[in-house]
Structures are given as C-alpha cells and as structure tokens.
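Trainee: This is model_31.cif (mmCIF, C-alpha atoms).
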```cif
data_structure
loop_
_atom_site.group_PDB
_atom_site.id
_atom_site.type_symbol
_atom_site.label_atom_id
_atom_site.label_comp_id
_atom_site.auth_asym_id
_atom_site.auth_seq_id
_atom_site.Cartn_x
_atom_site.Cartn_y
_atom_site.Cartn_z
ATOM 1 C CA MET A 1 15.545 -221.678 69.522
ATOM 2 C CA ARG A 2 16.123 -218.324 67.287
ATOM 3 C CA LYS A 3 15.418 -218.595 63.582
ATOM 4 C CA ARG A 4 18.521 -217.978 61.408
ATOM 5 C CA ILE A 5 18.260 -215.208 58.762
ATOM 6 C CA GLN A 6 19.177 -216.303 55.260
ATOM 7 C CA PRO A 7 22.239 -214.616 53.619
ATOM 8 C CA LYS A 8 20.255 -213.560 50.511
ATOM 9 C CA LEU A 9 17.665 -211.829 52.662
ATOM 10 C CA MET A 10 20.388 -209.948 54.533
ATOM 11 C CA LEU A 11 21.967 -208.808 51.272
ATOM 12 C CA ALA A 12 18.627 -207.479 49.954
ATOM 13 C CA PHE A 13 18.036 -205.591 53.183
ATOM 14 C CA PHE A 14 21.514 -204.016 53.027
ATOM 15 C CA VAL A 15 21.042 -202.892 49.396
ATOM 16 C CA CYS A 16 17.707 -201.249 50.239
ATOM 17 C CA PHE A 17 19.249 -199.436 53.196
ATOM 18 C CA ILE A 18 22.087 -198.034 51.059
ATOM 19 C CA GLY A 19 19.547 -196.944 48.404
ATOM 20 C CA ILE A 20 17.507 -195.024 50.948
ATOM 21 C CA ILE A 21 20.637 -193.173 52.137
ATOM 22 C CA LEU A 22 21.631 -192.199 48.583
ATOM 23 C CA ILE A 23 18.116 -190.961 47.723
ATOM 24 C CA SER A 24 18.033 -188.829 50.900
ATOM 25 C CA LYS A 25 21.410 -187.297 50.084
ATOM 26 C CA GLN A 26 20.345 -186.412 46.525
ATOM 27 C CA TYR A 27 17.141 -184.832 47.815
ATOM 28 C CA SER A 28 19.084 -182.751 50.354
ATOM 29 C CA GLU A 29 21.593 -181.548 47.734
ATOM 30 C CA GLY A 30 18.771 -180.692 45.338
ATOM 31 C CA SER A 31 16.995 -178.597 47.956
ATOM 32 C CA GLU A 32 20.192 -176.714 48.779
ATOM 33 C CA LYS A 33 20.830 -176.021 45.100
ATOM 34 C CA GLN A 34 17.262 -174.777 44.595
ATOM 35 C CA GLN A 35 17.565 -172.504 47.638
ATOM 36 C CA LEU A 36 20.887 -171.128 46.324
ATOM 37 C CA GLN A 37 19.309 -170.403 42.926
ATOM 38 C CA LEU A 38 16.387 -168.618 44.592
ATOM 39 C CA THR A 39 18.721 -166.499 46.739
ATOM 40 C CA THR A 40 20.864 -165.592 43.701
ATOM 41 C CA SER A 41 17.746 -164.651 41.718
ATOM 42 C CA GLN A 42 16.484 -162.425 44.519
ATOM 43 C CA SER A 43 19.885 -160.742 44.862
ATOM 44 C CA SER A 44 19.975 -160.164 41.120
ATOM 45 C CA LYS A 45 16.518 -158.596 41.186
ATOM 46 C CA ALA A 46 17.459 -156.376 44.127
ATOM 47 C CA SER A 47 20.618 -155.276 42.319
ATOM 48 C CA SER A 48 18.610 -154.585 39.179
ATOM 49 C CA SER A 49 16.088 -152.560 41.207
ATOM 50 C CA THR A 50 18.890 -150.537 42.824
ATOM 51 C CA THR A 51 20.437 -149.887 39.419
ATOM 52 C CA THR A 52 17.064 -148.732 38.086
ATOM 53 C CA VAL A 53 16.588 -146.352 41.012
ATOM 54 C CA SER A 54 20.142 -145.027 40.586
ATOM 55 C CA SER A 55 19.602 -144.556 36.870
ATOM 56 C CA SER A 56 16.350 -142.730 37.568
ATOM 57 C CA ALA A 57 18.037 -140.427 40.088
ATOM 58 C CA LYS A 58 20.908 -139.817 37.664
ATOM 59 C CA LYS A 59 18.455 -139.006 34.900
ATOM 60 C CA GLN A 60 16.671 -136.539 37.195
ATOM 61 C CA ASP A 61 19.995 -134.881 38.049
ATOM 62 C CA GLU A 62 20.828 -134.640 34.346
ATOM 63 C CA THR A 63 17.420 -133.062 33.682
ATOM 64 C CA GLU A 64 18.037 -130.511 36.398
ATOM 65 C CA ASP A 65 21.448 -129.765 34.876
ATOM 66 C CA GLU A 66 19.811 -129.368 31.473
ATOM 67 C CA ASP A 67 17.351 -126.892 32.997
ATOM 68 C CA GLU A 68 20.341 -124.800 34.025
ATOM 69 C CA ASP A 69 21.688 -124.824 30.472
ATOM 70 C CA ILE A 70 18.829 -122.881 28.888
ATOM 71 C CA SER A 71 20.043 -121.008 25.831
ATOM 72 C CA TYR A 72 19.531 -117.289 26.388
ATOM 73 C CA LYS A 73 19.379 -114.707 23.648
ATOM 74 C CA PRO A 74 21.552 -111.582 23.883
ATOM 75 C CA ILE A 75 20.760 -108.894 26.419
ATOM 76 C CA ILE A 76 20.983 -105.377 25.009
ATOM 77 C CA ASP A 77 21.654 -102.010 26.596
ATOM 78 C CA VAL A 78 20.165 -98.985 24.870
ATOM 79 C CA SER A 79 19.859 -95.226 25.306
ATOM 80 C CA GLY A 80 18.596 -92.186 23.453
ATOM 81 C CA TRP A 81 21.343 -92.748 20.891
ATOM 82 C CA GLN A 82 19.298 -95.709 19.654
ATOM 83 C CA LEU A 83 16.360 -93.755 18.274
ATOM 84 C CA PRO A 84 12.943 -95.373 18.882
ATOM 85 C CA SER A 85 11.892 -94.305 15.376
ATOM 86 C CA GLU A 86 14.519 -96.689 13.987
ATOM 87 C CA ILE A 87 13.566 -99.662 16.129
ATOM 88 C CA ASN A 88 11.046 -102.321 15.191
ATOM 89 C CA TYR A 89 10.245 -103.352 18.738
ATOM 90 C CA ASP A 90 8.199 -106.369 17.651
ATOM 91 C CA ILE A 91 11.118 -107.908 15.765
ATOM 92 C CA LEU A 92 13.908 -106.811 18.106
ATOM 93 C CA SER A 93 12.061 -108.188 21.133
ATOM 94 C CA LYS A 94 12.029 -111.644 19.557
ATOM 95 C CA ASN A 95 15.820 -111.604 19.410
ATOM 96 C CA ILE A 96 16.661 -110.630 22.992
ATOM 97 C CA SER A 97 16.195 -112.016 26.503
ATOM 98 C CA GLY A 98 16.352 -108.686 28.319
ATOM 99 C CA ALA A 99 17.074 -104.967 27.986
ATOM 100 C CA ILE A 100 18.962 -102.468 30.137
ATOM 101 C CA VAL A 101 17.831 -98.909 29.419
ATOM 102 C CA ARG A 102 19.752 -95.740 30.212
ATOM 103 C CA VAL A 103 17.688 -93.290 32.258
ATOM 104 C CA HIS A 104 20.283 -90.735 33.350
ATOM 105 C CA SER A 105 23.479 -89.605 31.600
ATOM 106 C CA GLY A 106 25.118 -87.936 34.586
ATOM 107 C CA ALA A 107 26.962 -84.640 34.975
ATOM 108 C CA GLN A 108 28.794 -85.141 31.691
ATOM 109 C CA THR A 109 25.765 -83.584 29.988
ATOM 110 C CA THR A 110 26.204 -79.815 29.927
ATOM 111 C CA ALA A 111 23.637 -79.066 27.233
ATOM 112 C CA GLU A 112 20.753 -80.777 25.497
ATOM 113 C CA ASN A 113 21.639 -83.092 22.632
ATOM 114 C CA VAL A 114 19.901 -85.661 20.446
ATOM 115 C CA ALA A 115 19.885 -88.294 23.178
ATOM 116 C CA THR A 116 19.716 -86.307 26.415
ATOM 117 C CA TYR A 117 17.976 -83.374 28.047
ATOM 118 C CA ALA A 118 20.033 -80.673 29.771
ATOM 119 C CA ASN A 119 19.049 -82.083 33.187
ATOM 120 C CA GLY A 120 20.727 -85.391 32.344
ATOM 121 C CA LEU A 121 17.604 -87.473 31.736
ATOM 122 C CA ASP A 122 17.646 -89.627 28.627
ATOM 123 C CA LYS A 123 15.197 -88.522 25.930
ATOM 124 C CA SER A 124 14.124 -92.023 24.937
ATOM 125 C CA TYR A 125 14.103 -94.003 28.176
ATOM 126 C CA LYS A 126 10.312 -93.895 28.615
ATOM 127 C CA LYS A 127 9.641 -95.111 25.091
ATOM 128 C CA HIS A 128 12.248 -97.859 25.299
ATOM 129 C CA ILE A 129 10.995 -99.165 28.633
ATOM 130 C CA GLU A 130 7.313 -99.051 27.716
ATOM 131 C CA GLU A 131 7.762 -100.742 24.347
ATOM 132 C CA PHE A 132 9.901 -103.580 25.712
ATOM 133 C CA GLN A 133 7.646 -104.151 28.696
ATOM 134 C CA LYS A 134 4.596 -104.292 26.399
ATOM 135 C CA ARG A 135 6.282 -107.276 24.774
ATOM 136 C CA ASP A 136 7.129 -108.990 28.059
ATOM 137 C CA ILE A 137 10.839 -108.226 27.835
ATOM 138 C CA PRO A 138 12.262 -107.735 31.349
ATOM 139 C CA VAL A 139 13.859 -104.299 31.730
ATOM 140 C CA ALA A 140 16.623 -103.040 34.008
ATOM 141 C CA VAL A 141 17.868 -99.437 34.073
ATOM 142 C CA TYR A 142 21.216 -97.675 34.332
ATOM 143 C CA ALA A 143 22.715 -94.269 35.020
ATOM 144 C CA TYR A 144 26.064 -92.968 33.851
ATOM 145 C CA VAL A 145 27.931 -91.846 36.968
ATOM 146 C CA ALA A 146 29.932 -88.647 36.415
ATOM 147 C CA ALA A 147 29.399 -86.318 39.381
ATOM 148 C CA SER A 148 32.327 -84.503 40.984
ATOM 149 C CA THR A 149 31.063 -84.150 44.580
ATOM 150 C CA ILE A 150 29.192 -86.270 47.109
ATOM 151 C CA LYS A 151 26.221 -83.896 46.902
ATOM 152 C CA GLU A 152 26.084 -84.190 43.096
ATOM 153 C CA MET A 153 26.288 -87.970 43.362
ATOM 154 C CA GLU A 154 23.317 -88.019 45.715
ATOM 155 C CA ASP A 155 21.323 -85.615 43.556
ATOM 156 C CA GLU A 156 21.916 -87.692 40.422
ATOM 157 C CA ALA A 157 20.948 -90.862 42.271
ATOM 158 C CA GLU A 158 17.691 -89.250 43.358
ATOM 159 C CA SER A 159 16.899 -88.014 39.841
ATOM 160 C CA PHE A 160 17.704 -91.475 38.437
ATOM 161 C CA TYR A 161 15.499 -93.258 40.964
ATOM 162 C CA LYS A 162 12.508 -90.919 40.657
ATOM 163 C CA ALA A 163 12.507 -91.287 36.876
ATOM 164 C CA SER A 164 12.836 -95.081 36.999
ATOM 165 C CA GLU A 165 10.918 -96.462 39.965
ATOM 166 C CA LYS A 166 7.419 -96.251 38.483
ATOM 167 C CA TYR A 167 8.477 -98.755 35.814
ATOM 168 C CA LYS A 168 9.573 -101.259 38.469
ATOM 169 C CA PRO A 169 12.883 -102.128 36.813
ATOM 170 C CA THR A 170 14.432 -105.480 37.684
ATOM 171 C CA TYR A 171 17.784 -103.864 38.539
ATOM 172 C CA TYR A 172 19.417 -100.463 38.998
ATOM 173 C CA TRP A 173 22.899 -100.209 37.480
ATOM 174 C CA LEU A 174 25.642 -97.614 37.982
ATOM 175 C CA ASP A 175 27.726 -97.153 34.829
ATOM 176 C CA VAL A 176 31.214 -96.180 36.033
ATOM 177 C CA GLU A 177 33.675 -95.375 33.253
ATOM 178 C CA GLU A 178 35.602 -92.246 34.237
ATOM 179 C CA LYS A 179 37.192 -90.743 37.307
ATOM 180 C CA THR A 180 35.311 -87.574 38.199
ATOM 181 C CA MET A 181 36.295 -87.311 41.879
ATOM 182 C CA PRO A 182 39.583 -87.676 43.752
ATOM 183 C CA ASP A 183 38.066 -90.585 45.707
ATOM 184 C CA MET A 184 35.752 -92.439 43.345
ATOM 185 C CA ASN A 185 35.011 -95.113 45.944
ATOM 186 C CA LYS A 186 33.380 -92.515 48.175
ATOM 187 C CA GLY A 187 31.474 -90.984 45.283
ATOM 188 C CA ILE A 188 30.185 -94.320 43.987
ATOM 189 C CA GLU A 189 29.188 -95.407 47.475
ATOM 190 C CA ALA A 190 27.311 -92.119 48.010
ATOM 191 C CA PHE A 191 25.342 -92.771 44.786
ATOM 192 C CA ARG A 192 24.627 -96.397 45.712
ATOM 193 C CA LYS A 193 23.660 -95.591 49.300
ATOM 194 C CA LYS A 194 21.280 -92.839 48.198
ATOM 195 C CA LEU A 195 19.568 -95.214 45.757
ATOM 196 C CA GLU A 196 19.189 -97.786 48.501
ATOM 197 C CA SER A 197 17.745 -95.244 50.934
ATOM 198 C CA LEU A 198 15.139 -94.263 48.340
ATOM 199 C CA GLY A 199 13.939 -97.840 47.936
ATOM 200 C CA ALA A 200 16.103 -99.546 45.301
ATOM 201 C CA LYS A 201 16.585 -103.172 46.363
ATOM 202 C CA LYS A 202 18.851 -104.484 43.620
ATOM 203 C CA ILE A 203 21.839 -102.320 42.724
ATOM 204 C CA GLY A 204 24.711 -103.377 40.466
ATOM 205 C CA ILE A 205 27.806 -101.775 38.967
ATOM 206 C CA TYR A 206 29.043 -101.698 35.370
ATOM 207 C CA VAL A 207 32.805 -101.234 35.388
ATOM 208 C CA GLY A 208 35.870 -102.403 33.497
ATOM 209 C CA THR A 209 38.411 -104.573 35.268
ATOM 210 C CA TYR A 210 41.168 -102.198 34.127
ATOM 211 C CA PHE A 211 39.299 -99.270 35.728
ATOM 212 C CA ILE A 212 38.929 -101.139 39.002
ATOM 213 C CA GLU A 213 42.661 -101.839 39.146
ATOM 214 C CA GLU A 214 43.742 -98.376 38.009
ATOM 215 C CA HIS A 215 41.621 -96.556 40.592
ATOM 216 C CA SER A 216 41.561 -99.193 43.348
ATOM 217 C CA LEU A 217 37.769 -99.448 43.322
ATOM 218 C CA THR A 218 35.808 -101.809 45.522
ATOM 219 C CA THR A 219 32.616 -103.551 44.417
ATOM 220 C CA ASP A 220 31.740 -105.396 47.627
ATOM 221 C CA LYS A 221 28.567 -103.445 48.411
ATOM 222 C CA PHE A 222 26.973 -104.091 45.013
ATOM 223 C CA SER A 223 24.831 -107.173 44.589
ATOM 224 C CA ALA A 224 25.798 -107.694 40.939
ATOM 225 C CA ILE A 225 28.716 -106.881 38.616
ATOM 226 C CA TRP A 226 28.566 -106.203 34.879
ATOM 227 C CA ILE A 227 31.838 -105.941 32.984
ATOM 228 C CA PRO A 228 32.825 -104.979 29.425
ATOM 229 C CA THR A 229 35.422 -107.159 27.694
ATOM 230 C CA TYR A 230 35.207 -107.054 23.915
ATOM 231 C CA GLY A 231 37.918 -109.302 22.543
ATOM 232 C CA TYR A 232 37.912 -108.590 18.804
ATOM 233 C CA ASP A 233 34.736 -106.483 19.105
ATOM 234 C CA ASN A 234 33.470 -107.948 15.846
ATOM 235 C CA GLY A 235 29.851 -108.412 16.847
ATOM 236 C CA TYR A 236 30.361 -111.921 18.203
ATOM 237 C CA TYR A 237 31.218 -113.528 21.513
ATOM 238 C CA ASN A 238 34.914 -114.393 21.403
ATOM 239 C CA ALA A 239 35.822 -115.633 24.874
ATOM 240 C CA ALA A 240 35.033 -115.372 28.556
ATOM 241 C CA PRO A 241 36.777 -112.478 30.350
ATOM 242 C CA ASP A 242 40.184 -113.292 31.833
ATOM 243 C CA THR A 243 39.434 -112.150 35.368
ATOM 244 C CA ASP A 244 38.922 -113.419 38.899
ATOM 245 C CA LEU A 245 36.079 -110.947 39.373
ATOM 246 C CA ASP A 246 32.818 -112.616 40.384
ATOM 247 C CA TYR A 247 30.803 -111.010 37.599
ATOM 248 C CA ASP A 248 27.199 -111.699 36.563
ATOM 249 C CA LEU A 249 26.917 -110.029 33.161
ATOM 250 C CA HIS A 250 29.443 -109.634 30.338
ATOM 251 C CA GLN A 251 29.233 -106.970 27.636
ATOM 252 C CA TYR A 252 31.099 -108.746 24.853
ATOM 253 C CA THR A 253 30.743 -106.408 21.870
ATOM 254 C CA SER A 254 29.674 -102.928 20.854
ATOM 255 C CA GLN A 255 29.181 -104.011 17.265
ATOM 256 C CA GLY A 256 26.309 -106.453 17.559
ATOM 257 C CA ILE A 257 23.677 -106.673 14.823
ATOM 258 C CA LEU A 258 20.167 -107.942 15.550
ATOM 259 C CA ASN A 259 17.060 -108.008 13.410
ATOM 260 C CA GLY A 260 14.811 -105.120 14.362
ATOM 261 C CA PHE A 261 17.457 -102.388 14.447
ATOM 262 C CA PRO A 262 19.637 -101.273 11.508
ATOM 263 C CA HIS A 263 22.701 -100.164 13.476
ATOM 264 C CA ALA A 264 25.244 -101.664 15.883
ATOM 265 C CA LEU A 265 24.181 -102.561 19.410
ATOM 266 C CA ASP A 266 25.957 -103.401 22.658
ATOM 267 C CA LEU A 267 25.389 -107.099 23.273
ATOM 268 C CA ASN A 268 25.682 -108.792 26.644
ATOM 269 C CA GLN A 269 25.466 -112.312 27.965
ATOM 270 C CA LEU A 270 25.162 -113.945 31.359
ATOM 271 C CA SER A 271 28.366 -115.089 33.041
ATOM 272 C CA VAL A 272 29.523 -118.502 31.841
ATOM 273 C CA GLN A 273 31.070 -119.057 35.273
ATOM 274 C CA LYS A 274 27.668 -119.389 36.938
ATOM 275 C CA GLN A 275 24.374 -121.217 36.490
ATOM 276 C CA GLN A 276 22.797 -118.982 33.897
ATOM 277 C CA LYS A 277 19.193 -119.701 34.827
ATOM 278 C CA LYS A 278 19.801 -118.541 38.396
ATOM 279 C CA THR A 279 21.750 -115.506 37.200
ATOM 280 C CA PHE A 280 18.995 -114.502 34.785
ATOM 281 C CA GLU A 281 16.394 -114.793 37.535
ATOM 282 C CA LYS A 282 18.626 -112.707 39.785
ATOM 283 C CA LEU A 283 19.088 -109.900 37.250
ATOM 284 C CA PHE A 284 15.761 -109.966 35.420
ATOM 285 C CA GLY A 285 13.329 -111.774 37.690
ATOM 286 C CA SER A 286 10.537 -109.964 39.510
#
```
Produce structure tokens that represent the structure in this file.

Mentor:
Amino acid sequence: MRKRIQPKLMLAFFVCFIGIILISKQYSEGSEKQQLQLTTSQSSKASSSTTTVSSSAKKQDETEDEDEDISYKPIIDVSGWQLPSEINYDILSKNISGAIVRVHSGAQTTAENVATYANGLDKSYKKHIEEFQKRDIPVAVYAYVAASTIKEMEDEAESFYKASEKYKPTYYWLDVEEKTMPDMNKGIEAFRKKLESLGAKKIGIYVGTYFIEEHSLTTDKFSAIWIPTYGYDNGYYNAAPDTDLDYDLHQYTSQGILNGFPHALDLNQLSVQKQQKKTFEKLFGS
C-alpha cells in the first residue's frame, strides 16, 4: 500500500522549488546586465580611440597647413640705380627673403649712365648678386625688354643669359613695360625662346595687367608671372591685386623702406592666392 505524503511536506517542497526558479532568473538577468555593461564599455573605448586618432590626424593636417603659412619677409628687386656703396648688405639681407637683380637694361640704353653700360649691362649686377649670395639670400635675375626687332630680342636674350648663368640664378625674368615692336607677343616669345635654347629652365614675365589687356599679350609660355599693383604706393601692402591672372609674385610698392638702405625700394610679396611655401620654393628654390 503507497505511503501518503503529508500536506506540510508538500508545501515546503513547493516553496523550495519556487525559490530555485527565482534565484535562477535573477542570476540570468544579472549576467545579461553585466554583459551589456561590458559591451557598452568596449564600444565607448573604441569610440574614444577613434576620436583620438581623428584628433591626431586633424592636428597633423593643421600642422601641415601651418607649415604653408610661413611668414616671408619682403622680396626686393634692385639695379644699378641702387648703388652698392649705399647698401649695408649685412643688415638689408636680414630684412628680405629674396632678391631679383637687374642684369640687362635693354635697347632703351643708348649711352652709358650711372646705372648702365652702353651695351645694356647693369653696372652693379655682379656686386649685388655676389653680396646677397654670400649671405645665403636666393637671387633671381631680370632683363628689361625693349628691342624693336626679333633679331635684337634674341641678341639681348643672349647677352642677358651669358652675363647671368654663371651665378646660377633661381629664375630668369623678362621685364615688359613698353611696346617696342608692332607685335610684342612675337618679340617677347623670341626673347623667351632664345633664353630657353641657351639653357634657362625657369623663365617668368613681369608685366602689368593693364599692359596685357592694352596690347593683347599672352603669358601662357612663361612658368611664372610677376605683376605690379601698387594701391596707394605708400610703402606698405594695401590689398591683393584685383585680377583673374594666375600670378606668383606681386610688386606692391615702389616706396618701401628697409633697414640697410637709406632710399626707397621696390617691395614684392608672394601671391596670397597660392600656398606661399610652394611658391617661394618654385621661384627661389634650387
């Protein structure tokens, strides 16, 4: 005959069973909560790591941008009219980033004067170049273009190059300010092409935007453009030129004063439309 289970014993068994179920449920919920917290923590750390990497990359980009914003001192252009005897090259060199020296004055010279020999060569170009280069100032050279025939253009280009090339200038510039031929485009191109055939690698043009428009000049074959726009011409930079021309160098005053020379100087600065570090390396790098 089966033994009958007492009611009290059944009740105790039922209570224990319910307790076990509740404890298991709490343990399961606790584990899920702990796992959720761990996942959230890992996601937060990953996000923080990504943010740190992004911040680092952004900081590097900002540093590179800052490298492009180096503050350059004025660039001067000088000729025999700036007498070497009046220049303290030690002091002046500390106040400039580069110099462009006139070597040839073109066919406008009909007789010897204070600044130029009768053959068109500048009287002071050697002294200027040597003194600036001694002080590690990068030097470019220029010639005033004023010939009236293709043959004269080529002859002046040859004279300009032969006088300049031994100094290894960073750039050769053509200074174009007056119409001396019916077709100035042909004359300028003859000068440029002759320079190139002789070995000049970097050839630029100095020309006013008004002159380009008035005489329908083209600048496409030159690797750099230098333009004069003075504003108030009070010795200071007033504003960027109002032009669509893709220029590299801006002559902003003819009345600049720098320590090391007692008279007015032409002052120039790199185009504000471009990365100045790259432009400086282009015009004055080796």

Trainee: Using all atoms listed in the file, which residue out of A:Ile227, A:Ala147, A:Ala239, A:Ala190 lies closest to Asn268 of chain A?

Mentor: A:Ile227

Trainee: Take the PyMOL selection byres ((chain A and resi 218) around 10), apply it to the structure above, and return the hits as a PyMOL selection string.

Mentor: chain A and resi 184-186+188-189+212-213+215-217+219-222

Trainee: For C-alpha atoms, I'd like the residues from the last selection saved as a tab-separated table (two decimals), keeping the file's coordinate frame.

Mentor:
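Result file is out13.tsv:
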```tsv
chain	number	residue	atom	x	y	z
A	184	MET	CA	35.75	-92.44	43.34
A	185	ASN	CA	35.01	-95.11	45.94
A	186	LYS	CA	33.38	-92.52	48.18
A	188	ILE	CA	30.18	-94.32	43.99
A	189	GLU	CA	29.19	-95.41	47.48
A	212	ILE	CA	38.93	-101.14	39.00
A	213	GLU	CA	42.66	-101.84	39.15
A	215	HIS	CA	41.62	-96.56	40.59
A	216	SER	CA	41.56	-99.19	43.35
A	217	LEU	CA	37.77	-99.45	43.32
A	219	THR	CA	32.62	-103.55	44.42
A	220	ASP	CA	31.74	-105.40	47.63
A	221	LYS	CA	28.57	-103.44	48.41
A	222	PHE	CA	26.97	-104.09	45.01
```

Trainee: Run the PyMOL selection byres ((chain A and resi 149) around 10) against the file shown and list the residues it catches, as a list in words.

Mentor: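 What the PyMOL selection byres ((chain A and resi 149) around 10) grabs from the file is Ala146, Ala147, Ser148, Ile150, Lys151, Glu152, Met153, Glu154, Asp155, Thr180, Met181, Pro182, Asp183, Met184, Lys186, Gly187 and Ala190 of chain A.
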
Trainee: Within 12 Å of Ile257 of chain A, counting all atoms listed in the file, which residues show up once you throw out same-chain ones fewer than 6 positions away? Write them as a list of chain:residue names, please.

Mentor: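 Answer for this query is A:Pro74, A:Ile76, A:Leu92, A:Asn95, A:Ile96, A:Asp233, A:Asn234, A:Gly235, A:Tyr236, A:His263, A:Ala264, A:Leu265, A:Asp266, A:Leu267.
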
Trainee: Check the smallest atom-to-atom distance from each of A:Thr116, A:Gln133, A:Ser164, A:Thr253 to Gln82 of chain A using all atoms listed in the file, then report the winner.

Mentor: A:Thr116

Trainee: My list of candidates is A:Trp81, A:Tyr210, A:Tyr237, A:Tyr247. Which is closest to Ile225 of chain A when distances are computed with all atoms listed in the file?

Mentor: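 Smallest distance to Ile225 of chain A is found for A:Tyr247.
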
Trainee: Could you put an axis-aligned box around every listed atom of segment 204-221 of chain A, padded by 5 Å on each side, and send me its centre and edge lengths in Å to one decimal, as JSON?

Mentor:
```
{"center_x": 34.2, "center_y": -101.0, "center_z": 41.0, "size_x": 29.0, "size_y": 18.8, "size_z": 24.9}
```

Trainee: Enter the distance from atom CA of Tyr125 of chain A to atom CA of Thr170 of chain A, in Å, rounded to one decimal.

Mentor: 14.9 Å

Trainee: Run the PyMOL selection byres ((chain A and resi 109) around 12) on the file and write out the hits as a PDB file with C-alpha atoms, keeping the file's coordinate frame.

Mentor:
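Dumped to selection_16.pdb:
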```pdb
ATOM      1  CA  HIS A 104      20.283 -90.735  33.350  1.00  0.00           C
ATOM      2  CA  SER A 105      23.479 -89.605  31.600  1.00  0.00           C
ATOM      3  CA  GLY A 106      25.118 -87.936  34.586  1.00  0.00           C
ATOM      4  CA  ALA A 107      26.962 -84.640  34.975  1.00  0.00           C
ATOM      5  CA  GLN A 108      28.794 -85.141  31.691  1.00  0.00           C
ATOM      6  CA  THR A 110      26.204 -79.815  29.927  1.00  0.00           C
ATOM      7  CA  ALA A 111      23.637 -79.066  27.233  1.00  0.00           C
ATOM      8  CA  GLU A 112      20.753 -80.777  25.497  1.00  0.00           C
ATOM      9  CA  ASN A 113      21.639 -83.092  22.632  1.00  0.00           C
ATOM     10  CA  VAL A 114      19.901 -85.661  20.446  1.00  0.00           C
ATOM     11  CA  ALA A 115      19.885 -88.294  23.178  1.00  0.00           C
ATOM     12  CA  THR A 116      19.716 -86.307  26.415  1.00  0.00           C
ATOM     13  CA  TYR A 117      17.976 -83.374  28.047  1.00  0.00           C
ATOM     14  CA  ALA A 118      20.033 -80.673  29.771  1.00  0.00           C
ATOM     15  CA  ASN A 119      19.049 -82.083  33.187  1.00  0.00           C
ATOM     16  CA  GLY A 120      20.727 -85.391  32.344  1.00  0.00           C
ATOM     17  CA  LEU A 121      17.604 -87.473  31.736  1.00  0.00           C
ATOM     18  CA  ASP A 122      17.646 -89.627  28.627  1.00  0.00           C
ATOM     19  CA  TYR A 144      26.064 -92.968  33.851  1.00  0.00           C
ATOM     20  CA  VAL A 145      27.931 -91.846  36.968  1.00  0.00           C
ATOM     21  CA  ALA A 146      29.932 -88.647  36.415  1.00  0.00           C
ATOM     22  CA  ALA A 147      29.399 -86.318  39.381  1.00  0.00           C
ATOM     23  CA  GLU A 156      21.916 -87.692  40.422  1.00  0.00           C
TER      24      GLU A 156
END
```

Trainee: Pick from A:Ile137, A:Ile87, A:Lys94, A:Leu283: nearest to Tyr172 of chain A, with only C-alpha atoms counted?

Mentor: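 Answer, going by the shortest atom-to-atom distance: A:Leu283.
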
Trainee: Which value, in Å to one decimal, gives the distance between atom CA of Pro169 of chain A and atom CA of Tyr142 of chain A?

Mentor: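 The value is 9.8 Å.
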
Trainee: Here is a test: counting only C-alpha atoms, which residue of A:Ser79, A:Ala200, A:Lys179, A:His128 is nearest to Phe160 of chain A?

Mentor: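 Ranked by minimum distance to Phe160 of chain A, first place goes to A:Ala200.
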
Trainee: At what distance in Å, to one decimal, does atom CA of Val207 of chain A lie from atom CA of Lys127 of chain A?

Mentor: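 Going from atom CA of Lys127 of chain A over to atom CA of Val207 of chain A, I get 26.1 Å.
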
Trainee: Counting all atoms listed in the file, which of A:Tyr72, A:Tyr171, A:Phe261, A:Phe191 gets nearest to Ala224 of chain A?

Mentor: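 The shortest atom-to-atom distance to Ala224 of chain A comes from A:Tyr171.
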